[in-house]
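Engineer: Sharing a structure here in structure tokens format.
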Amino acid sequence: MTPLLPRLRPSAVLVLAGAALLASCGPALPKGVDADRLNEAVSDAIGDPNTCVLIGAKGSGAVVWRYNTHTTCARELPACEGQRSQTVDQLLKAAAADGRPRNASCGNPTDASRGVGWAAGLVPGRPLAYAAVMDSRRALPGRIMAEKVEAAFKDAGL
């Protein structure tokens, strides 16, 4: 009889166990903050299929929580500052490194019916930073987005 699962060599078991241990040691949301509640609060505040919000560790920007898919969050969009573009992860890393709030908005040059809004800063009272982007027909200005996202964080216990 053939076993349902292949037999793993001891070295493979050690590699898998080590990977699981390292993953569990990575940055995470603070204790007591429910990721589902945070998803719901952000969705109510600025939810849209083309919205991404990342929360990361202050300093490194290592992501601890993401609202929306990797695909949505990986898009490069106009930075609304000069002619350059950026990803929300790049914005998170910048805000996590220097702690400076950033808010910007502009039209999307690839679709004149859409706007792009950016917001980033530190999560008050936590060793965390956040970055958010909306690319939508109803994109909010960056400053309004920041206010709504920060209120959603507070509502979710962050």
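Ordering of the structure tokens sets the chain letters (A, B, ...); residue numbers start at 1 within each chain; ligands are numbered from 1 in the order shown.
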Can you list, as a PyMOL selection string, all residues belonging to chain A that DSSP tags as alpha helix (DSSP H)?
Structural biologist: chain A and resi 10-25+35-46+70-73+88-98+142-155
Engineer: Quick one: residues within 10 Å of Pro109 (chain A), only C-alpha atoms, excluding same-chain residues fewer than 4 positions away - as a ChimeraX atom specification?
Structural biologist: /A:77-78,113-116
Engineer: Using DSSP on the backbone, list every residue of chain A that comes out as strand (DSSP E or B), and give them as a ChimeraX atom specification.
Structural biologist: /A:51-57,63-67,77-78,85-86,102-108,111-122,128-136
Engineer: Okay, now the selection with C-alpha atoms, as a compact mmCIF listing (two decimals), in the first residue's frame?
Structural biologist:
```
# COMPACT_ATOMS: atom_id res chain seq x y z
CA THR A 51 -7.74 50.31 -1.89
CA CYS A 52 -4.72 48.96 -0.03
CA VAL A 53 -3.68 49.63 3.56
CA LEU A 54 -0.47 48.27 5.07
CA ILE A 55 0.64 48.40 8.70
CA GLY A 56 4.30 47.75 9.40
CA ALA A 57 6.90 47.87 12.12
CA VAL A 63 4.42 44.35 7.09
CA VAL A 64 2.34 43.04 10.00
CA TRP A 65 -1.12 43.50 8.44
CA ARG A 66 -2.57 44.11 4.98
CA TYR A 67 -6.01 45.21 3.83
CA LEU A 77 0.57 54.32 -9.09
CA PRO A 78 1.29 58.02 -9.55
CA SER A 85 5.25 56.64 -9.23
CA GLN A 86 5.35 54.40 -6.17
CA ARG A 102 2.45 61.98 4.07
CA ASN A 103 -0.79 62.89 2.33
CA ALA A 104 -1.24 63.43 -1.38
CA SER A 105 -3.87 63.13 -4.07
CA CYS A 106 -4.09 63.60 -7.82
CA GLY A 107 -5.83 62.38 -10.93
CA ASN A 108 -4.81 59.06 -12.43
CA ASP A 111 -7.84 56.99 -16.56
CA ALA A 112 -9.11 60.54 -16.17
CA SER A 113 -12.25 59.32 -14.38
CA ARG A 114 -10.16 58.02 -11.48
CA GLY A 115 -8.23 59.66 -8.70
CA VAL A 116 -5.35 58.48 -6.54
CA GLY A 117 -5.07 59.26 -2.84
CA TRP A 118 -2.13 58.46 -0.55
CA ALA A 119 -1.86 58.60 3.24
CA ALA A 120 0.91 57.44 5.57
CA GLY A 121 2.21 58.04 9.04
CA LEU A 122 2.73 56.50 12.44
CA LEU A 128 3.88 50.88 13.98
CA ALA A 129 3.52 52.87 10.77
CA TYR A 130 0.87 52.67 8.08
CA ALA A 131 0.45 53.50 4.42
CA ALA A 132 -2.75 53.57 2.37
CA VAL A 133 -3.65 54.16 -1.25
CA MET A 134 -6.93 54.49 -3.11
CA ASP A 135 -7.20 54.37 -6.90
CA SER A 136 -10.86 54.89 -7.62
```
Engineer: Go through A:Leu158, A:Pro127, A:Asn50, A:Val33 one by one, measure the shortest atom-to-atom distance of each to Thr69 (chain A) using only C-alpha atoms, and give the residue with the smallest value.
Structural biologist: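 Residue with the minimum atom-to-atom distance to Thr69 (chain A): A:Asn50.
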Engineer: Nearest residue to Ile46 (chain A) out of A:Pro101, A:Asn68, A:Arg75, A:Gly61, using only C-alpha atoms?
Structural biologist: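 Of A:Pro101, A:Asn68, A:Arg75, A:Gly61, the one nearest Ile46 (chain A), counting only C-alpha atoms, is A:Asn68.
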Engineer: Looking at A:Gly59, A:Gly157, A:Pro30, A:Gly47, which one is nearest to Met145 (chain A), with distances taken over only C-alpha atoms?
Structural biologist: A:Gly47
Engineer: Which residue is closest to Thr110 (chain A)? Choose from A:Asp155, A:Glu76, A:Ile144, A:Val88 and count only C-alpha atoms.
Structural biologist: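 For Thr110 (chain A), the nearest of the given residues is A:Glu76.
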Engineer: CA of Ser60 (chain A) to CA of Lys31 (chain A): how many Å, to one decimal?
Structural biologist: 19.7 Å
Engineer: Would you compute the distance between CA of Ala45 (chain A) and CA of Phe153 (chain A)? Give it in Å to one decimal.
Structural biologist: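 Between these atoms lies a distance of 9.8 Å.
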Engineer: Please determine, counting only C-alpha atoms, which residue among A:Glu147, A:Leu92, A:Pro141, A:Ala152 has the shortest atom-to-atom distance to Cys80 (chain A).
Structural biologist: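 Answer, going by the shortest atom-to-atom distance: A:Pro141.
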Engineer: Enter the distance from CA of Val123 (chain A) to CA of Glu150 (chain A), in Å, rounded to one decimal.
Structural biologist: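 Distance between the two atoms: 7.3 Å.
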